[in-house]
$ cat model-v6.cif   # mmCIF, C-alpha atoms and all ligand atoms
data_my_file
loop_
_atom_site.label_atom_id
_atom_site.label_comp_id
_atom_site.auth_asym_id
_atom_site.auth_seq_id
_atom_site.Cartn_x
_atom_site.Cartn_y
_atom_site.Cartn_z
CA MET R 1 0.00 0.00 0.00
CA THR R 2 1.35 3.46 -0.83
CA SER R 3 0.50 6.43 1.34
CA GLN R 4 -1.80 9.03 -0.27
CA THR R 5 -0.40 11.97 1.73
CA ALA R 6 3.26 12.76 1.05
CA THR R 7 5.24 14.64 3.72
CA PRO R 8 6.39 18.20 2.72
CA ALA R 9 10.01 16.98 2.52
CA ALA R 10 9.03 14.13 0.17
CA GLY R 11 7.05 16.60 -1.94
CA ASP R 12 10.11 18.91 -2.26
CA ALA R 13 12.32 15.98 -3.17
CA ALA R 14 9.86 14.95 -5.89
CA LEU R 15 9.92 18.49 -7.33
CA VAL R 16 13.73 18.55 -7.33
CA LEU R 17 13.81 15.12 -8.99
CA ALA R 18 11.36 16.25 -11.69
CA ALA R 19 13.49 19.35 -12.37
CA LEU R 20 16.68 17.28 -12.55
CA ARG R 21 15.02 14.79 -14.92
CA GLY R 22 13.96 17.70 -17.10
CA ASN R 23 17.59 18.86 -17.20
CA ILE R 24 18.94 15.47 -18.12
CA SER R 25 16.33 15.05 -20.88
CA ARG R 26 17.37 18.41 -22.35
CA ILE R 27 21.02 17.33 -22.28
CA ASP R 28 20.17 13.94 -23.86
CA ASN R 29 18.20 15.62 -26.64
CA HIS R 30 21.08 18.01 -27.25
CA LEU R 31 23.44 15.02 -27.42
CA LEU R 32 21.14 13.39 -29.99
CA GLU R 33 21.23 16.52 -32.16
CA LEU R 34 25.03 16.54 -31.95
CA LEU R 35 25.16 12.84 -32.85
CA ALA R 36 22.92 13.43 -35.86
CA GLU R 37 25.22 16.25 -36.96
CA ARG R 38 28.24 13.98 -36.42
CA SER R 39 26.67 11.30 -38.59
CA ARG R 40 26.04 13.82 -41.42
CA VAL R 41 29.69 14.91 -41.28
CA ALA R 42 30.81 11.24 -41.23
CA ALA R 43 28.73 10.57 -44.37
CA ASP R 44 30.42 13.56 -46.10
CA ILE R 45 33.82 12.22 -45.07
CA GLY R 46 32.88 8.88 -46.67
CA LEU R 47 31.98 10.67 -49.90
CA ALA R 48 35.23 12.68 -49.85
CA LYS R 49 37.22 9.48 -49.34
CA ARG R 50 35.49 7.79 -52.25
CA LEU R 51 36.11 10.79 -54.53
CA SER R 52 39.80 10.85 -53.61
CA ASP R 53 40.02 7.05 -53.88
CA ARG R 54 41.19 6.63 -50.27
CA PRO R 55 40.47 3.54 -48.16
CA LEU R 56 37.27 3.96 -46.14
CA HIS R 57 38.63 2.64 -42.90
CA ASP R 58 41.80 3.57 -41.04
CA ALA R 59 41.93 1.40 -37.90
CA GLY R 60 45.14 3.06 -36.64
CA ARG R 61 43.70 6.57 -36.84
CA GLU R 62 40.47 5.41 -35.21
CA ARG R 63 42.31 3.84 -32.27
CA GLU R 64 44.55 6.88 -31.76
CA HIS R 65 41.51 9.18 -31.82
CA ALA R 66 39.77 6.92 -29.26
CA ARG R 67 42.84 7.08 -27.02
CA LEU R 68 43.01 10.89 -27.19
CA LEU R 69 39.27 11.21 -26.49
CA GLY R 70 39.62 8.80 -23.54
CA GLU R 71 42.35 11.03 -22.10
CA ALA R 72 40.31 14.19 -22.69
CA GLY R 73 37.29 12.50 -21.03
CA SER R 74 39.41 11.56 -17.99
CA ARG R 75 40.48 15.19 -17.61
CA LEU R 76 36.76 16.09 -17.48
CA GLY R 77 36.18 13.50 -14.75
CA LEU R 78 34.64 10.86 -17.05
CA PRO R 79 35.79 7.21 -17.09
CA GLY R 80 38.26 7.08 -19.99
CA HIS R 81 37.42 3.49 -21.00
CA VAL R 82 33.71 4.35 -21.29
CA VAL R 83 34.50 7.36 -23.49
CA ARG R 84 36.73 5.15 -25.69
CA ARG R 85 34.05 2.48 -26.04
CA LEU R 86 31.38 5.05 -26.85
CA TYR R 87 33.56 6.62 -29.51
CA LEU R 88 34.48 3.26 -31.08
CA LEU R 89 30.80 2.34 -31.22
CA LEU R 90 29.95 5.61 -32.93
CA ALA R 91 32.91 5.33 -35.29
CA GLY R 92 31.84 1.77 -36.19
CA HIS R 93 28.35 2.96 -37.08
CA ALA R 94 29.70 5.91 -39.06
CA PHE R 95 31.94 3.49 -40.96
CA ASP R 96 29.01 1.19 -41.74
CA ALA R 97 27.08 4.20 -43.04
CA GLN R 98 29.94 4.94 -45.44
CA LEU R 99 29.82 1.46 -46.96
CA PRO R 100 27.88 0.95 -50.14
CA LEU R 101 24.46 -0.49 -49.30
CA PRO R 102 24.17 -4.13 -50.29
CA GLU R 103 22.36 -3.84 -53.58
CA PRO R 104 20.22 -6.59 -55.02
CA VAL R 105 22.58 -8.34 -57.41
CA ALA R 106 21.76 -7.13 -60.89
CA ASP R 107 22.30 -10.42 -62.70
CA ALA R 108 21.07 -12.68 -59.89
CA ALA R 109 19.25 -15.75 -61.08
CA THR R 110 17.40 -18.13 -58.77
CA PRO R 111 19.49 -21.30 -58.62
CA PRO R 112 17.66 -24.22 -60.24
CA ASP R 113 16.11 -26.81 -57.88
CA SER R 114 16.73 -24.57 -54.91
CA ASP R 115 13.43 -24.99 -53.06
CA ALA R 116 15.18 -26.93 -50.31
CA PHE R 117 17.12 -23.80 -49.44
CA ARG R 118 14.58 -21.17 -50.45
CA LEU R 119 15.47 -18.78 -47.61
CA ALA R 120 19.21 -19.04 -48.21
CA ARG R 121 19.16 -18.77 -51.99
CA LEU R 122 20.01 -15.68 -53.99
CA GLU R 123 17.05 -14.31 -55.87
CA PRO R 124 16.53 -11.34 -58.16
CA GLY R 125 15.65 -8.37 -55.96
CA ARG R 126 16.86 -9.98 -52.71
CA PRO R 127 19.75 -7.99 -51.17
CA ARG R 128 22.85 -9.66 -49.87
CA THR R 129 22.82 -10.25 -46.13
CA VAL R 130 25.07 -8.16 -43.90
CA VAL R 131 25.82 -9.68 -40.49
CA ARG R 132 26.96 -7.25 -37.81
CA VAL R 133 29.28 -8.62 -35.15
CA GLY R 134 30.76 -6.02 -32.80
CA GLU R 135 32.43 -3.38 -34.97
CA ALA R 136 32.40 -5.64 -38.03
CA ALA R 137 29.80 -5.91 -40.80
CA LEU R 138 30.32 -9.23 -42.62
CA GLY R 139 29.05 -9.15 -46.18
CA ALA R 140 29.06 -5.35 -46.40
CA GLY R 141 31.79 -5.17 -49.03
CA THR R 142 35.02 -5.22 -47.04
CA PHE R 143 37.37 -8.11 -46.27
CA GLU R 144 37.36 -8.97 -42.56
CA VAL R 145 40.32 -10.71 -40.91
CA ILE R 146 39.19 -12.71 -37.86
CA GLY R 147 42.04 -14.11 -35.77
CA GLY R 148 42.93 -15.77 -32.51
CA PRO R 149 44.14 -19.04 -31.06
CA CYS R 150 42.77 -22.45 -31.96
CA ALA R 151 42.04 -23.02 -28.27
CA VAL R 152 41.89 -20.93 -25.13
CA GLU R 153 44.70 -22.38 -22.99
CA SER R 154 45.17 -19.94 -20.10
CA ALA R 155 44.42 -16.35 -19.09
CA ARG R 156 47.97 -15.37 -19.96
CA GLN R 157 47.92 -16.97 -23.41
CA VAL R 158 44.55 -15.50 -24.36
CA GLN R 159 45.41 -12.02 -23.14
CA ALA R 160 48.68 -12.01 -25.08
CA ALA R 161 46.79 -13.27 -28.15
CA ALA R 162 44.18 -10.51 -27.69
CA ASP R 163 46.89 -7.84 -27.44
CA HIS R 164 48.44 -9.04 -30.70
CA ALA R 165 45.10 -9.45 -32.46
CA ARG R 166 43.91 -5.97 -31.53
CA ALA R 167 47.24 -4.45 -32.54
CA CYS R 168 46.66 -6.00 -35.98
CA GLY R 169 43.24 -4.29 -36.24
CA VAL R 170 41.27 -7.50 -35.62
CA ARG R 171 37.64 -6.72 -34.71
CA ILE R 172 36.42 -10.27 -34.10
CA MET R 173 38.64 -12.60 -32.09
CA ARG R 174 38.34 -16.37 -32.36
CA GLY R 175 39.18 -18.95 -29.72
CA GLY R 176 37.94 -22.44 -28.92
CA ALA R 177 36.67 -23.24 -25.44
CA PHE R 178 34.97 -26.52 -26.44
CA LYS R 179 37.34 -28.33 -28.81
CA PRO R 180 36.15 -31.13 -31.11
CA ARG R 181 39.41 -33.13 -31.19
CA THR R 182 39.97 -36.16 -33.36
CA SER R 183 41.47 -38.11 -30.46
CA PRO R 184 39.73 -38.18 -27.08
CA TYR R 185 43.19 -38.15 -25.44
CA GLU R 186 44.00 -34.69 -26.79
CA PHE R 187 43.30 -31.35 -25.06
CA GLN R 188 39.53 -30.86 -25.10
CA GLY R 189 39.42 -27.15 -24.19
CA LEU R 190 38.67 -25.32 -20.96
CA GLY R 191 34.90 -25.12 -21.49
CA LEU R 192 32.86 -22.22 -20.11
CA PRO R 193 35.64 -20.93 -17.80
CA GLY R 194 37.85 -20.73 -20.89
CA LEU R 195 35.16 -18.82 -22.75
CA ALA R 196 34.96 -16.34 -19.85
CA LEU R 197 38.72 -15.73 -20.21
CA LEU R 198 38.36 -15.20 -23.95
CA ALA R 199 35.36 -12.89 -23.61
CA GLU R 200 37.12 -10.77 -21.00
CA ALA R 201 40.32 -10.53 -23.04
CA ALA R 202 38.52 -9.62 -26.27
CA HIS R 203 35.75 -7.37 -24.95
CA SER R 204 38.05 -5.31 -22.77
CA ARG R 205 40.07 -4.54 -25.91
CA GLY R 206 37.03 -3.64 -28.02
CA MET R 207 36.87 -6.92 -29.98
CA ALA R 208 33.89 -9.24 -30.43
CA VAL R 209 34.19 -13.00 -29.90
CA VAL R 210 33.42 -16.01 -32.07
CA THR R 211 33.62 -19.47 -30.53
CA GLU R 212 32.41 -22.98 -31.28
CA VAL R 213 29.39 -24.63 -29.66
CA LEU R 214 29.56 -28.43 -29.47
CA ASP R 215 26.47 -29.29 -27.47
CA PRO R 216 22.93 -27.91 -27.87
CA ALA R 217 22.71 -27.78 -24.07
CA HIS R 218 25.54 -25.21 -24.02
CA ALA R 219 24.17 -22.88 -26.69
CA ALA R 220 22.49 -20.39 -24.33
CA ASP R 221 25.49 -20.24 -21.95
CA VAL R 222 27.90 -19.70 -24.83
CA ALA R 223 25.61 -17.07 -26.36
CA ALA R 224 25.63 -15.18 -23.06
CA GLN R 225 29.34 -14.47 -23.56
CA ALA R 226 30.09 -14.79 -27.27
CA ASP R 227 29.02 -12.40 -30.03
CA MET R 228 28.90 -15.05 -32.77
CA LEU R 229 28.52 -18.82 -32.40
CA GLN R 230 30.46 -21.22 -34.59
CA ILE R 231 29.13 -24.57 -35.74
CA GLY R 232 32.13 -26.67 -36.70
CA ALA R 233 32.65 -28.81 -39.77
CA ARG R 234 31.99 -32.00 -37.80
CA ASN R 235 28.56 -30.71 -36.77
CA MET R 236 27.32 -29.07 -39.96
CA GLN R 237 24.35 -31.43 -40.15
CA ASN R 238 23.71 -31.77 -36.42
CA VAL R 239 20.11 -30.54 -36.57
CA PRO R 240 19.47 -30.15 -32.81
CA LEU R 241 22.68 -28.10 -32.55
CA LEU R 242 21.73 -25.95 -35.55
CA ARG R 243 18.34 -25.22 -34.02
CA ALA R 244 19.69 -24.51 -30.54
CA CYS R 245 22.33 -22.10 -31.85
CA ALA R 246 19.89 -20.28 -34.14
CA ARG R 247 17.40 -19.83 -31.29
CA THR R 248 19.90 -17.91 -29.18
CA GLY R 249 19.47 -15.03 -31.66
CA ARG R 250 23.25 -14.61 -31.94
CA PRO R 251 24.86 -14.57 -35.39
CA VAL R 252 25.96 -18.08 -36.36
CA MET R 253 28.99 -19.00 -38.47
CA LEU R 254 28.35 -22.34 -40.16
CA LYS R 255 31.43 -24.19 -41.34
CA ARG R 256 31.21 -26.49 -44.31
CA GLY R 257 31.43 -30.19 -43.47
CA ALA R 258 34.59 -31.84 -44.82
CA GLY R 259 32.49 -34.05 -47.07
CA ALA R 260 29.52 -31.77 -47.70
CA THR R 261 28.29 -30.59 -51.07
CA LEU R 262 27.33 -26.94 -51.50
CA ARG R 263 23.65 -27.91 -51.51
CA GLU R 264 23.96 -29.83 -48.25
CA TRP R 265 25.75 -26.85 -46.74
CA LEU R 266 22.98 -24.48 -47.85
CA CYS R 267 20.30 -26.84 -46.52
CA ALA R 268 22.07 -26.77 -43.15
CA ALA R 269 22.04 -22.95 -43.31
CA GLU R 270 18.33 -23.15 -44.11
CA TYR R 271 17.70 -24.82 -40.72
CA LEU R 272 19.24 -21.74 -39.06
CA LEU R 273 17.23 -19.27 -41.15
CA LEU R 274 14.03 -21.23 -40.60
CA GLU R 275 14.38 -20.62 -36.86
CA GLY R 276 13.97 -16.92 -37.63
CA ASN R 277 17.64 -16.05 -37.26
CA PRO R 278 18.76 -14.07 -40.34
CA ASP R 279 22.38 -13.63 -39.15
CA VAL R 280 24.01 -16.59 -40.81
CA VAL R 281 27.60 -16.58 -42.10
CA LEU R 282 29.07 -19.46 -44.10
CA CYS R 283 32.69 -20.56 -43.80
CA GLU R 284 34.60 -22.72 -46.29
CA ARG R 285 37.32 -24.60 -44.39
CA GLY R 286 38.59 -27.21 -46.83
CA ILE R 287 37.17 -30.54 -47.90
CA ARG R 288 38.57 -34.06 -47.61
CA THR R 289 40.29 -35.29 -50.78
CA TRP R 290 43.01 -37.86 -51.44
CA GLU R 291 45.70 -35.17 -51.03
CA ARG R 292 47.80 -35.61 -47.88
CA GLU R 293 50.34 -32.74 -48.24
CA THR R 294 47.70 -30.40 -46.91
CA ARG R 295 45.32 -31.18 -44.06
CA ASN R 296 42.29 -30.62 -46.31
CA THR R 297 41.82 -29.14 -49.78
CA LEU R 298 40.68 -25.51 -49.76
CA ASP R 299 37.79 -25.25 -52.20
CA LEU R 300 37.97 -21.66 -53.39
CA SER R 301 35.62 -22.48 -56.24
CA ALA R 302 32.98 -22.96 -53.52
CA VAL R 303 33.24 -19.25 -52.68
CA VAL R 304 32.63 -18.23 -56.28
CA ALA R 305 29.77 -20.69 -56.66
CA MET R 306 28.20 -19.66 -53.37
CA ARG R 307 28.14 -16.01 -54.38
CA ARG R 308 25.83 -17.10 -57.19
CA MET R 309 23.73 -19.40 -55.03
CA THR R 310 23.21 -17.49 -51.78
CA HIS R 311 22.89 -13.99 -50.35
CA LEU R 312 24.72 -15.04 -47.16
CA PRO R 313 28.29 -13.83 -46.46
CA VAL R 314 31.01 -16.40 -47.15
CA MET R 315 34.20 -16.52 -45.08
CA VAL R 316 37.25 -18.73 -45.63
CA ASP R 317 39.28 -20.61 -43.02
CA PRO R 318 42.65 -21.35 -44.63
CA SER R 319 44.15 -22.56 -41.32
CA HIS R 320 42.11 -25.77 -41.05
CA ALA R 321 42.23 -26.21 -44.81
CA ALA R 322 46.00 -26.01 -45.23
CA GLY R 323 47.13 -27.23 -41.81
CA ARG R 324 50.50 -25.49 -42.42
CA ASN R 325 51.20 -21.90 -41.46
CA GLU R 326 53.38 -21.09 -44.50
CA LEU R 327 50.43 -21.63 -46.86
CA ILE R 328 48.04 -19.30 -45.08
CA LEU R 329 48.98 -15.84 -46.42
CA PRO R 330 48.80 -16.97 -50.08
CA LEU R 331 45.46 -18.68 -49.41
CA CYS R 332 44.12 -15.49 -47.78
CA ARG R 333 45.10 -13.64 -50.96
CA GLY R 334 43.22 -16.29 -52.92
CA ALA R 335 40.14 -15.91 -50.71
CA HIS R 336 40.13 -12.17 -51.32
CA ALA R 337 40.67 -12.61 -55.05
CA VAL R 338 37.63 -14.89 -55.42
CA GLY R 339 35.31 -12.55 -53.51
CA ALA R 340 35.17 -13.98 -49.99
CA ASP R 341 33.95 -11.64 -47.25
CA GLY R 342 36.98 -12.37 -45.12
CA VAL R 343 39.10 -15.02 -43.47
CA ILE R 344 39.29 -16.62 -40.05
CA VAL R 345 42.83 -17.65 -39.11
CA GLU R 346 44.55 -19.22 -36.12
CA MET R 347 47.29 -17.28 -34.35
CA HIS R 348 49.17 -18.14 -31.15
CA PRO R 349 51.40 -15.75 -29.20
CA CYS R 350 54.00 -18.53 -29.19
CA PRO R 351 53.12 -21.09 -31.89
CA ALA R 352 55.69 -23.68 -30.70
CA GLU R 353 53.78 -23.94 -27.40
CA ALA R 354 50.26 -24.26 -28.86
CA LEU R 355 48.29 -27.12 -27.29
CA CYS R 356 46.16 -27.52 -30.36
CA ASP R 357 46.81 -27.29 -34.14
CA ARG R 358 50.40 -26.09 -33.58
CA ARG R 359 51.54 -26.68 -37.17
CA GLN R 360 49.02 -24.24 -38.60
CA ALA R 361 49.31 -21.52 -35.93
CA LEU R 362 50.45 -18.16 -37.27
CA SER R 363 52.87 -16.08 -35.23
CA PRO R 364 51.69 -12.57 -34.30
CA ALA R 365 54.02 -11.18 -37.01
CA GLU R 366 52.48 -13.48 -39.63
CA LEU R 367 48.99 -12.35 -38.65
CA ARG R 368 50.16 -8.76 -38.91
CA ALA R 369 51.39 -9.37 -42.47
CA ILE R 370 47.96 -10.74 -43.47
CA ALA R 371 46.04 -7.93 -41.77
CA THR R 372 48.29 -5.24 -43.23
CA GLU R 373 47.78 -6.56 -46.72
CA LEU R 374 44.12 -7.53 -46.64
CA HIS R 375 42.10 -6.32 -43.65
CA LEU R 376 39.14 -4.19 -44.75
CA LYS R 377 40.25 -4.09 -48.36
CA GLU R 378 37.20 -3.80 -50.57
CA VAL R 379 35.74 -7.08 -51.82
CA MET R 380 34.87 -7.46 -55.48
CA PRO R 381 31.10 -7.17 -56.07
C1 LIG L 1 37.93 -24.59 -35.39
O1 LIG L 1 37.68 -23.60 -36.08
O2 LIG L 1 38.40 -24.50 -34.24
C2 LIG L 1 37.66 -25.92 -35.95
C3 LIG L 1 37.76 -27.02 -35.21
O3 LIG L 1 37.38 -25.90 -37.26
P1 LIG L 1 36.62 -26.98 -38.18
O4 LIG L 1 35.28 -27.19 -37.55
O5 LIG L 1 36.56 -26.30 -39.50
O6 LIG L 1 37.47 -28.21 -38.18
MN MN L 2 42.14 -25.39 -34.81
#
$ encode --input "model-v6.cif" --output "structure tokens"
Amino acid sequence: MTSQTATPAAGDAALVLAALRGNISRIDNHLLELLAERSRVAADIGLAKRLSDRPLHDAGREREHARLLGEAGSRLGLPGHVVRRLYLLLAGHAFDAQLPLPEPVADAATPPDSDAFRLARLEPGRPRTVVRVGEAALGAGTFEVIGGPCAVESARQVQAAADHARACGVRIMRGGAFKPRTSPYEFQGLGLPGLALLAEAAHSRGMAVVTEVLDPAHAADVAAQADMLQIGARNMQNVPLLRACARTGRPVMLKRGAGATLREWLCAAEYLLLEGNPDVVLCERGIRTWERETRNTLDLSAVVAMRRMTHLPVMVDPSHAAGRNELILPLCRGAHAVGADGVIVEMHPCPAEALCDRRQALSPAELRAIATELHLKEVMP
């Protein structure tokens, strides 16, 4: 029961509160007007960059600007890390606004016999899907470099990896907490505690997280900490897992099964879309052939074919395809050349010590070389 008669003191306090709320609303509205003005200027900057043929995104400049604003905010008594985060969020949106809008593909034709994947297929008039993950927009026309260790091994390892990844401009960090290993005697991952380490390391540095889900029962817990869920090659047709991951509402990256045809892969994606989750990203990671010099055979023709079959973004994982770190940079170049929306690669702060997939782990310097050459380069239409 609430009392009908307020004391005079309570009445005064209510008046003061109402006045203060009025003040804060005025300030918030003023901030909104400033943000709208900022977004108009950002759009003009995008136009000026296009006219002068300059790259749209300069991660180094953006980070330096965030650092300076954080310092200026601290001098005004604001928490510097909050100011930095706010700025990076705004800058990310401004950058997205500068990207060309995904246009319906002019010469799109509905793939024949494609009813089984009718939501995933490309159709005349249907725009390509853009999947936003943290600061990144997969499928929006730039080449994203996702990087991080095969597995989360310790707080120290994952923090060092996050430092290196962020320094390379990585915006989505990978890392396995639940590892699907071929042998049950090998390191199986640290599970949810490992994911907490990864999420802390990545989020505190402004990066989003992608990690694999192995068990439908874990989907919600993983989704609580990760920004994108990965369904691994071994589970591409695990229907309960597909459904559980899609229902979390998080973007899902669906790897191609080592023996899957493109149609089977698209039908698996259809299960995700049918759950009402539009944020589906495909990832080609090599298929099993008779060749033993590489771990798998990277099927770059799949990327080209998929761009004609589906509106979904297509990433490439050259690490699990090649299985050897010296092949990865050239394969990233190949992925860009055939129109992939980006790559996901494995990097370890000290590759010789990696507990998992050591032979394919890039050093931080090797990741830097890939990011310098390819990160956020425009993708061919
Ligand atoms: C991975 O990305 O950690 C992984 C195990 O990949 P894949 O499912 O492609 O083998
Ligand atoms: Mn791996």
$ closest_atom_pairs --input "model-v6.cif" --of "chain R" --to "ligand LIG 1 (chain L)" --cutoff "7 Å" --atoms "only C-alpha atoms and all ligand atoms" --output "JSON lines"
{"residue": "R:Cys150", "atom": "CA", "partner": "L:LIG1", "partner_atom": "O2", "distance": 5.3}
{"residue": "R:Gly176", "atom": "CA", "partner": "L:LIG1", "partner_atom": "O2", "distance": 5.7}
{"residue": "R:Lys179", "atom": "CA", "partner": "L:LIG1", "partner_atom": "C3", "distance": 6.5}
{"residue": "R:Pro180", "atom": "CA", "partner": "L:LIG1", "partner_atom": "C3", "distance": 6.0}
{"residue": "R:Glu212", "atom": "CA", "partner": "L:LIG1", "partner_atom": "O2", "distance": 6.9}
{"residue": "R:Ile231", "atom": "CA", "partner": "L:LIG1", "partner_atom": "O4", "distance": 6.9}
{"residue": "R:Gly232", "atom": "CA", "partner": "L:LIG1", "partner_atom": "O4", "distance": 3.3}
{"residue": "R:Ala233", "atom": "CA", "partner": "L:LIG1", "partner_atom": "O4", "distance": 3.8}
{"residue": "R:Arg234", "atom": "CA", "partner": "L:LIG1", "partner_atom": "O4", "distance": 5.8}
{"residue": "R:Lys255", "atom": "CA", "partner": "L:LIG1", "partner_atom": "O5", "distance": 5.8}
{"residue": "R:Arg285", "atom": "CA", "partner": "L:LIG1", "partner_atom": "O5", "distance": 5.2}
{"residue": "R:His320", "atom": "CA", "partner": "L:LIG1", "partner_atom": "O5", "distance": 5.8}
$ residues_around --input "model-v6.cif" --residues "range 366-377 of chain R" --least-positions-apart "4" --cutoff "7 Å" --atoms "only C-alpha atoms" --output "PyMOL selection string"
chain R and resi 142-145+168+329+347+362
$ atom_distance --input "model-v6.cif" --atom1 "CA of Leu86 in chain R" --atom2 "CA of Ala167 in chain R"
19.3 Å
$ axis_aligned_box --input "model-v6.cif" --around "range 147-154 of chain R" --padding-each-side "3 Å" --output "AutoDock Vina command-line options"
--center_x 43.5 --center_y -18.6 --center_z -27.9 --size_x 9.3 --size_y 14.9 --size_z 21.7
$ residues_near_point --input "model-v6.cif" --point "(30.6, -21.4, -43.9)" --cutoff "6 Å" --atoms "all atoms listed in the file" --output "CSV table (one decimal) with C-alpha atoms, in the frame of the given file"
chain,number,residue,atom,x,y,z
R,254,LEU,CA,28.4,-22.3,-40.2
R,255,LYS,CA,31.4,-24.2,-41.3
R,256,ARG,CA,31.2,-26.5,-44.3
R,281,VAL,CA,27.6,-16.6,-42.1
R,282,LEU,CA,29.1,-19.5,-44.1
R,283,CYS,CA,32.7,-20.6,-43.8
R,284,GLU,CA,34.6,-22.7,-46.3
R,314,VAL,CA,31.0,-16.4,-47.2
$ residues_near_ligand --input "model-v6.cif" --ligand "ligand MN 2 (chain L)" --cutoff "8 Å" --atoms "all atoms listed in the file" --output "list of chain:residue names"
R:Pro149, R:Cys150, R:Ala151, R:Gly176, R:Ser319, R:His320, R:Glu346, R:Cys356, R:Asp357, R:Gln360
$ closest_residue --input "model-v6.cif" --among "R:Val316, R:Ala160, R:Ile344, R:Ala36" --to "Thr211 in chain R" --atoms "all atoms listed in the file"
R:Ile344
$ closest_residue --input "model-v6.cif" --among "R:Arg181, R:Asn235, R:Leu262, R:Leu119" --to "Gly276 in chain R" --atoms "only C-alpha atoms"
R:Leu119
$ closest_residue --input "model-v6.cif" --among "R:Val379, R:Ala106, R:Ala116, R:Ala136" --to "His93 in chain R" --atoms "only C-alpha atoms"
R:Ala136
$ closest_residue --input "model-v6.cif" --among "R:His218, R:Arg171, R:Arg263, R:Arg128" --to "Leu241 in chain R" --atoms "only C-alpha atoms"
R:His218
$ residues_near_point --input "model-v6.cif" --point "(34.5, -21.3, -23.2)" --cutoff "9 Å" --atoms "all atoms listed in the file" --output "MDAnalysis selection string"
chainID R and resid 152 175:178 189:199 211:213 222 225:226
$ atom_distance --input "model-v6.cif" --atom1 "CA of Glu291 in chain R" --atom2 "CA of Glu186 in chain R"
24.3 Å
$ closest_residue --input "model-v6.cif" --among "R:Leu327, R:Val131, R:Met207, R:Leu300" --to "Ala361 in chain R" --atoms "only C-alpha atoms"
R:Leu327
